[in-house]
Protein chains: 2
Amino acid sequence: MPQFMDVHKSMKGVTPEQLAAAHQADLDLQGEEGVNFKQAWADPKTGHVFCLSEAPDAEAVQHLLERAGHKADEVHEIMITA
Amino acid sequence: MPQFMDVHKSMKGVTPEQLAAAHQADLDLQGEEGVNFKQAWADPKTGHVFCLSEAPDAEAVQHLLERAGHKADEVHEIMITA
């Protein structure tokens, strides 16, 4: 299954509770979209959030994120890891 | 130990061998800088590479990356995970 890193850039000041709620909203939908979210990392100072997932394609990730109310600014397909 | 996500945006076409070599260059220096690189994810199509590390501060990450010959475009301090 391909892996994806989606990036959100406008989450300045996000709290642990807000990130947990956003992540849970993704998890609640992922079965319907064939997506498997693995982890999320947030920097509240710069407002960046990075989420790693497995999914059939980038469109499935973005479609799920739109349904959850937080469309990503970027979705990158991870072809290589090290 | 704080965690950091550094982002490189100009690595279009990066190959598995190039990413492995760049990652190894980081690993070779990390003991001297007090940094612990955990994983790297690359999207050769968009040229984005994301690297997760533990380090004393963002400056230590960037200083190491400069020494390794590939300064990051951004270094985000990960204050929250989910």
# chains A, B, ... in the order shown; residues from 1 in each chain; ligands from 1
call {"tool": "select_by_dssp", "arguments": {"residues": "chain A", "states": "strand (DSSP E or B)", "output": "tab-separated table (two decimals) with all heavy atoms, in the first residue's frame"}}
result
chain	number	residue	atom	x	y	z
A	3	GLN	N	2.38	4.94	0.68
A	3	GLN	CA	2.37	5.80	1.87
A	3	GLN	C	2.29	7.26	1.44
A	3	GLN	O	2.82	7.64	0.38
A	3	GLN	CB	3.66	5.62	2.68
A	3	GLN	CG	3.73	4.35	3.47
A	3	GLN	CD	4.83	4.44	4.53
A	3	GLN	OE1	4.59	4.78	5.67
A	3	GLN	NE2	6.05	4.14	4.13
A	4	PHE	N	1.70	8.08	2.29
A	4	PHE	CA	1.54	9.51	2.00
A	4	PHE	C	1.86	10.33	3.24
A	4	PHE	O	1.59	9.91	4.37
A	4	PHE	CB	0.09	9.79	1.56
A	4	PHE	CG	-0.25	9.08	0.29
A	4	PHE	CD1	-0.78	7.80	0.31
A	4	PHE	CD2	0.03	9.66	-0.94
A	4	PHE	CE1	-1.02	7.10	-0.86
A	4	PHE	CE2	-0.22	8.98	-2.12
A	4	PHE	CZ	-0.76	7.70	-2.08
A	5	MET	N	2.45	11.52	2.99
A	5	MET	CA	2.66	12.49	4.05
A	5	MET	C	1.82	13.71	3.67
A	5	MET	O	2.09	14.37	2.66
A	5	MET	CB	4.13	12.89	4.15
A	5	MET	CG	4.43	13.81	5.32
A	5	MET	SD	4.44	12.95	6.93
A	5	MET	CE	6.11	12.25	6.93
A	6	ASP	N	0.77	13.97	4.46
A	6	ASP	CA	0.01	15.18	4.18
A	6	ASP	C	0.47	16.28	5.14
A	6	ASP	O	0.89	16.01	6.27
A	6	ASP	CB	-1.50	14.95	4.21
A	6	ASP	CG	-2.04	14.54	5.56
A	6	ASP	OD1	-2.24	15.42	6.41
A	6	ASP	OD2	-2.28	13.33	5.76
A	7	VAL	N	0.41	17.51	4.62
A	7	VAL	CA	0.95	18.66	5.35
A	7	VAL	C	-0.13	19.72	5.49
A	7	VAL	O	-0.78	20.09	4.50
A	7	VAL	CB	2.17	19.26	4.61
A	7	VAL	CG1	2.77	20.42	5.41
A	7	VAL	CG2	3.23	18.19	4.35
A	8	HIS	N	-0.32	20.19	6.69
A	8	HIS	CA	-1.20	21.32	7.00
A	8	HIS	C	-0.32	22.46	7.49
A	8	HIS	O	0.56	22.22	8.31
A	8	HIS	CB	-2.21	20.94	8.09
A	8	HIS	CG	-3.02	19.72	7.78
A	8	HIS	ND1	-4.33	19.79	7.37
A	8	HIS	CD2	-2.69	18.41	7.79
A	8	HIS	CE1	-4.77	18.55	7.16
A	8	HIS	NE2	-3.80	17.70	7.41
A	36	ASN	N	-5.23	4.32	6.13
A	36	ASN	CA	-4.76	3.91	7.44
A	36	ASN	C	-3.78	4.97	7.96
A	36	ASN	O	-2.63	5.02	7.53
A	36	ASN	CB	-4.07	2.54	7.33
A	36	ASN	CG	-3.47	2.09	8.65
A	36	ASN	OD1	-3.90	2.52	9.73
A	36	ASN	ND2	-2.46	1.23	8.59
A	37	PHE	N	-4.28	5.83	8.86
A	37	PHE	CA	-3.41	6.88	9.41
A	37	PHE	C	-2.49	6.28	10.46
A	37	PHE	O	-2.94	5.52	11.33
A	37	PHE	CB	-4.24	8.02	10.02
A	37	PHE	CG	-4.73	8.97	8.99
A	37	PHE	CD1	-6.02	8.87	8.49
A	37	PHE	CD2	-3.89	9.94	8.47
A	37	PHE	CE1	-6.47	9.73	7.51
A	37	PHE	CE2	-4.34	10.81	7.48
A	37	PHE	CZ	-5.64	10.69	7.00
A	38	LYS	N	-1.20	6.61	10.34
A	38	LYS	CA	-0.22	6.00	11.22
A	38	LYS	C	0.23	6.95	12.34
A	38	LYS	O	0.32	6.56	13.49
A	38	LYS	CB	0.98	5.54	10.40
A	38	LYS	CG	0.56	4.48	9.36
A	38	LYS	CD	1.63	4.22	8.34
A	38	LYS	CE	2.71	3.32	8.86
A	38	LYS	NZ	2.31	1.90	8.89
A	39	GLN	N	0.53	8.19	12.00
A	39	GLN	CA	0.96	9.12	13.04
A	39	GLN	C	0.81	10.56	12.56
A	39	GLN	O	0.78	10.83	11.36
A	39	GLN	CB	2.41	8.86	13.45
A	39	GLN	CG	2.78	9.58	14.74
A	39	GLN	CD	3.91	8.92	15.50
A	39	GLN	OE1	4.53	7.97	15.04
A	39	GLN	NE2	4.18	9.44	16.70
A	40	ALA	N	0.69	11.46	13.53
A	40	ALA	CA	0.62	12.90	13.23
A	40	ALA	C	1.61	13.63	14.14
A	40	ALA	O	1.75	13.29	15.32
A	40	ALA	CB	-0.80	13.43	13.48
A	41	TRP	N	2.29	14.63	13.56
A	41	TRP	CA	3.28	15.43	14.28
A	41	TRP	C	2.92	16.91	14.09
A	41	TRP	O	2.72	17.34	12.96
A	41	TRP	CB	4.68	15.21	13.72
A	41	TRP	CG	5.22	13.82	13.80
A	41	TRP	CD1	5.94	13.28	14.82
A	41	TRP	CD2	5.14	12.78	12.80
A	41	TRP	NE1	6.31	11.98	14.53
A	41	TRP	CE2	5.83	11.65	13.30
A	41	TRP	CE3	4.54	12.70	11.53
A	41	TRP	CZ2	5.94	10.47	12.58
A	41	TRP	CZ3	4.66	11.52	10.82
A	41	TRP	CH2	5.34	10.42	11.35
A	42	ALA	N	2.88	17.66	15.17
A	42	ALA	CA	2.46	19.07	15.07
A	42	ALA	C	3.48	20.01	15.70
A	42	ALA	O	4.04	19.72	16.76
A	42	ALA	CB	1.11	19.25	15.76
A	43	ASP	N	3.68	21.15	15.01
A	43	ASP	CA	4.46	22.26	15.55
A	43	ASP	C	3.52	23.45	15.70
A	43	ASP	O	3.23	24.15	14.73
A	43	ASP	CB	5.60	22.60	14.58
A	43	ASP	CG	6.42	23.80	15.07
A	43	ASP	OD1	6.02	24.44	16.06
A	43	ASP	OD2	7.45	24.10	14.44
A	48	HIS	N	2.47	24.01	11.50
A	48	HIS	CA	2.59	22.87	10.59
A	48	HIS	C	2.19	21.57	11.28
A	48	HIS	O	2.61	21.31	12.41
A	48	HIS	CB	4.03	22.74	10.08
A	48	HIS	CG	4.34	23.65	8.93
A	48	HIS	ND1	4.21	25.02	9.01
A	48	HIS	CD2	4.76	23.39	7.67
A	48	HIS	CE1	4.56	25.56	7.85
A	48	HIS	NE2	4.89	24.61	7.02
A	49	VAL	N	1.41	20.76	10.56
A	49	VAL	CA	1.08	19.41	11.02
A	49	VAL	C	1.40	18.45	9.87
A	49	VAL	O	1.04	18.71	8.71
A	49	VAL	CB	-0.40	19.28	11.43
A	49	VAL	CG1	-0.74	17.84	11.78
A	49	VAL	CG2	-0.71	20.19	12.62
A	50	PHE	N	2.09	17.37	10.19
A	50	PHE	CA	2.48	16.34	9.24
A	50	PHE	C	1.79	15.04	9.64
A	50	PHE	O	1.85	14.64	10.81
A	50	PHE	CB	3.99	16.13	9.27
A	50	PHE	CG	4.79	17.38	9.06
A	50	PHE	CD1	5.17	18.18	10.14
A	50	PHE	CD2	5.15	17.79	7.79
A	50	PHE	CE1	5.90	19.34	9.96
A	50	PHE	CE2	5.88	18.96	7.59
A	50	PHE	CZ	6.25	19.73	8.68
A	51	CYS	N	1.13	14.39	8.67
A	51	CYS	CA	0.44	13.13	8.97
A	51	CYS	C	0.89	12.06	7.99
A	51	CYS	O	0.82	12.26	6.77
A	51	CYS	CB	-1.07	13.27	8.84
A	51	CYS	SG	-1.78	14.46	9.95
A	52	LEU	N	1.30	10.92	8.51
A	52	LEU	CA	1.72	9.80	7.68
A	52	LEU	C	0.58	8.79	7.59
A	52	LEU	O	-0.05	8.46	8.61
A	52	LEU	CB	2.94	9.14	8.33
A	52	LEU	CG	3.61	8.02	7.54
A	52	LEU	CD1	4.27	8.55	6.27
A	52	LEU	CD2	4.65	7.31	8.42
A	53	SER	N	0.31	8.33	6.38
A	53	SER	CA	-0.78	7.36	6.20
A	53	SER	C	-0.43	6.36	5.10
A	53	SER	O	0.50	6.59	4.31
A	53	SER	CB	-2.07	8.08	5.81
A	53	SER	OG	-1.91	8.75	4.57
A	54	GLU	N	-1.18	5.28	5.08
A	54	GLU	CA	-1.18	4.36	3.95
A	54	GLU	C	-2.54	4.51	3.28
A	54	GLU	O	-3.56	4.62	3.99
A	54	GLU	CB	-1.02	2.92	4.42
A	54	GLU	CG	0.34	2.61	5.01
A	54	GLU	CD	0.42	1.20	5.56
A	54	GLU	OE1	-0.64	0.62	5.87
A	54	GLU	OE2	1.54	0.69	5.69
A	74	GLU	N	-0.94	20.09	1.28
A	74	GLU	CA	-0.13	19.28	0.38
A	74	GLU	C	-0.31	17.80	0.76
A	74	GLU	O	-0.44	17.48	1.95
A	74	GLU	CB	1.37	19.60	0.50
A	74	GLU	CG	1.70	21.05	0.19
A	74	GLU	CD	3.14	21.40	0.56
A	74	GLU	OE1	3.89	20.50	1.02
A	74	GLU	OE2	3.51	22.57	0.43
A	75	VAL	N	-0.30	16.93	-0.24
A	75	VAL	CA	-0.25	15.48	0.01
A	75	VAL	C	0.89	14.92	-0.84
A	75	VAL	O	0.84	15.02	-2.08
A	75	VAL	CB	-1.57	14.77	-0.34
A	75	VAL	CG1	-1.45	13.28	-0.05
A	75	VAL	CG2	-2.75	15.36	0.43
A	76	HIS	N	1.91	14.39	-0.20
A	76	HIS	CA	3.08	13.86	-0.89
A	76	HIS	C	3.07	12.34	-0.85
A	76	HIS	O	2.87	11.76	0.21
A	76	HIS	CB	4.36	14.38	-0.23
A	76	HIS	CG	4.49	15.86	-0.27
A	76	HIS	ND1	4.95	16.54	-1.37
A	76	HIS	CD2	4.16	16.80	0.65
A	76	HIS	CE1	4.92	17.84	-1.12
A	76	HIS	NE2	4.44	18.03	0.09
A	77	GLU	N	3.31	11.73	-2.01
A	77	GLU	CA	3.42	10.27	-2.04
A	77	GLU	C	4.84	9.87	-1.68
A	77	GLU	O	5.81	10.29	-2.33
A	77	GLU	CB	3.05	9.72	-3.41
A	77	GLU	CG	3.12	8.18	-3.41
A	77	GLU	CD	2.49	7.55	-4.63
A	77	GLU	OE1	2.01	8.27	-5.52
A	77	GLU	OE2	2.49	6.30	-4.69
A	78	ILE	N	4.96	9.07	-0.65
A	78	ILE	CA	6.28	8.65	-0.16
A	78	ILE	C	6.73	7.42	-0.94
A	78	ILE	O	6.21	6.31	-0.73
A	78	ILE	CB	6.23	8.35	1.35
A	78	ILE	CG1	5.75	9.58	2.12
A	78	ILE	CG2	7.59	7.87	1.85
A	78	ILE	CD1	6.58	10.83	1.90
A	80	ILE	N	10.08	6.65	-1.23
A	80	ILE	CA	11.37	6.19	-0.69
A	80	ILE	C	11.43	6.52	0.80
A	80	ILE	O	11.01	7.60	1.21
A	80	ILE	CB	12.56	6.91	-1.37
A	80	ILE	CG1	12.42	6.92	-2.89
A	80	ILE	CG2	13.87	6.26	-0.97
A	80	ILE	CD1	13.46	7.81	-3.57
A	81	THR	N	11.95	5.58	1.58
A	81	THR	CA	12.22	5.88	2.98
A	81	THR	C	13.67	5.49	3.29
A	81	THR	O	14.29	4.72	2.56
A	81	THR	CB	11.28	5.10	3.93
A	81	THR	OG1	11.45	3.70	3.68
A	81	THR	CG2	9.83	5.48	3.71
call {"tool": "residues_around", "arguments": {"residues": "His23 in chain A", "least_positions_apart": "3", "cutoff": "9 Å", "atoms": "only C-alpha atoms", "output": "PDB file with N, CA, C and O atoms, in the first residue's frame"}}
result
ATOM      1  N   GLN A  18      -6.920  19.555  20.513  1.00  0.00           N
ATOM      2  CA  GLN A  18      -7.395  19.807  19.142  1.00  0.00           C
ATOM      3  C   GLN A  18      -6.771  18.820  18.159  1.00  0.00           C
ATOM      4  O   GLN A  18      -7.441  18.321  17.258  1.00  0.00           O
ATOM      5  N   LEU A  19      -5.474  18.557  18.317  1.00  0.00           N
ATOM      6  CA  LEU A  19      -4.832  17.600  17.408  1.00  0.00           C
ATOM      7  C   LEU A  19      -5.424  16.206  17.601  1.00  0.00           C
ATOM      8  O   LEU A  19      -5.693  15.498  16.625  1.00  0.00           O
ATOM      9  N   ALA A  20      -5.645  15.822  18.857  1.00  0.00           N
ATOM     10  CA  ALA A  20      -6.232  14.507  19.129  1.00  0.00           C
ATOM     11  C   ALA A  20      -7.629  14.406  18.520  1.00  0.00           C
ATOM     12  O   ALA A  20      -7.985  13.371  17.941  1.00  0.00           O
ATOM     13  N   ASP A  26     -10.245  11.762  11.646  1.00  0.00           N
ATOM     14  CA  ASP A  26      -9.681  11.000  10.525  1.00  0.00           C
ATOM     15  C   ASP A  26      -9.858   9.498  10.753  1.00  0.00           C
ATOM     16  O   ASP A  26     -10.273   8.770   9.846  1.00  0.00           O
ATOM     17  N   LEU A  27      -9.534   9.063  11.958  1.00  0.00           N
ATOM     18  CA  LEU A  27      -9.629   7.628  12.258  1.00  0.00           C
ATOM     19  C   LEU A  27     -11.062   7.128  12.118  1.00  0.00           C
ATOM     20  O   LEU A  27     -11.298   5.997  11.663  1.00  0.00           O
ATOM     21  N   ASP A  28     -12.024   7.978  12.477  1.00  0.00           N
ATOM     22  CA  ASP A  28     -13.432   7.571  12.404  1.00  0.00           C
ATOM     23  C   ASP A  28     -13.879   7.327  10.962  1.00  0.00           C
ATOM     24  O   ASP A  28     -14.830   6.581  10.731  1.00  0.00           O
ATOM     25  N   PHE A  37      -4.279   5.834   8.859  1.00  0.00           N
ATOM     26  CA  PHE A  37      -3.410   6.880   9.408  1.00  0.00           C
ATOM     27  C   PHE A  37      -2.491   6.279  10.458  1.00  0.00           C
ATOM     28  O   PHE A  37      -2.941   5.524  11.331  1.00  0.00           O
ATOM     29  N   GLN A  39       0.531   8.191  11.997  1.00  0.00           N
ATOM     30  CA  GLN A  39       0.956   9.121  13.038  1.00  0.00           C
ATOM     31  C   GLN A  39       0.815  10.564  12.556  1.00  0.00           C
ATOM     32  O   GLN A  39       0.785  10.830  11.357  1.00  0.00           O
ATOM     33  N   ALA A  40       0.694  11.465  13.532  1.00  0.00           N
ATOM     34  CA  ALA A  40       0.621  12.904  13.234  1.00  0.00           C
ATOM     35  C   ALA A  40       1.612  13.630  14.140  1.00  0.00           C
ATOM     36  O   ALA A  40       1.748  13.290  15.320  1.00  0.00           O
TER      37      ALA A  40
ATOM     38  N   ALA B  82       0.082  12.633  17.678  1.00  0.00           N
ATOM     39  CA  ALA B  82      -1.214  11.944  17.842  1.00  0.00           C
ATOM     40  C   ALA B  82      -1.183  10.699  16.977  1.00  0.00           C
ATOM     41  O   ALA B  82      -0.307  10.533  16.131  1.00  0.00           O
TER      42      ALA B  82
END
call {"tool": "closest_residue", "arguments": {"among": "A:Pro16, A:Gly69, A:Gly31, A:Pro56", "to": "Pro44 in chain A", "atoms": "only C-alpha atoms"}}
result
A:Pro16
call {"tool": "atom_distance", "arguments": {"atom1": "CA of Gly34 in chain B", "atom2": "CA of Ser10 in chain B"}}
result
26.0 Å
call {"tool": "closest_residue", "arguments": {"among": "B:Met79, B:Gln30, B:Leu64, B:His70", "to": "chain A", "atoms": "only C-alpha atoms"}}
result
B:Met79
call {"tool": "closest_residue", "arguments": {"among": "A:Val35, A:Ala22, A:Ala55, A:Met1", "to": "chain B", "atoms": "only C-alpha atoms"}}
result
A:Ala22
call {"tool": "residues_around", "arguments": {"residues": "Glu66 in chain B", "least_positions_apart": "4", "cutoff": "12 Å", "atoms": "only C-alpha atoms", "output": "list of chain:residue names"}}
result
B:Ala22, B:Ala25, B:Asp26, B:Leu29, B:Glu33, B:Glu59, B:Ala60, B:Val61, B:Gln62, B:His70, B:Lys71, B:Ala72, B:Asp73
call {"tool": "atom_distance", "arguments": {"atom1": "CA of Arg67 in chain B", "atom2": "CA of Thr46 in chain A"}}
result
24.7 Å
call {"tool": "select_by_dssp", "arguments": {"residues": "chain B", "states": "helix (DSSP H, G or I)", "output": "PyMOL selection string"}}
result
chain B and resi 16-33+58-68
call {"tool": "atom_distance", "arguments": {"atom1": "CA of Ala21 in chain B", "atom2": "CA of Leu65 in chain B"}}
result
13.0 Å
call {"tool": "closest_residue", "arguments": {"among": "B:Glu32, B:Pro2, B:Lys45, B:Met11", "to": "chain A", "atoms": "only C-alpha atoms"}}
result
B:Lys45
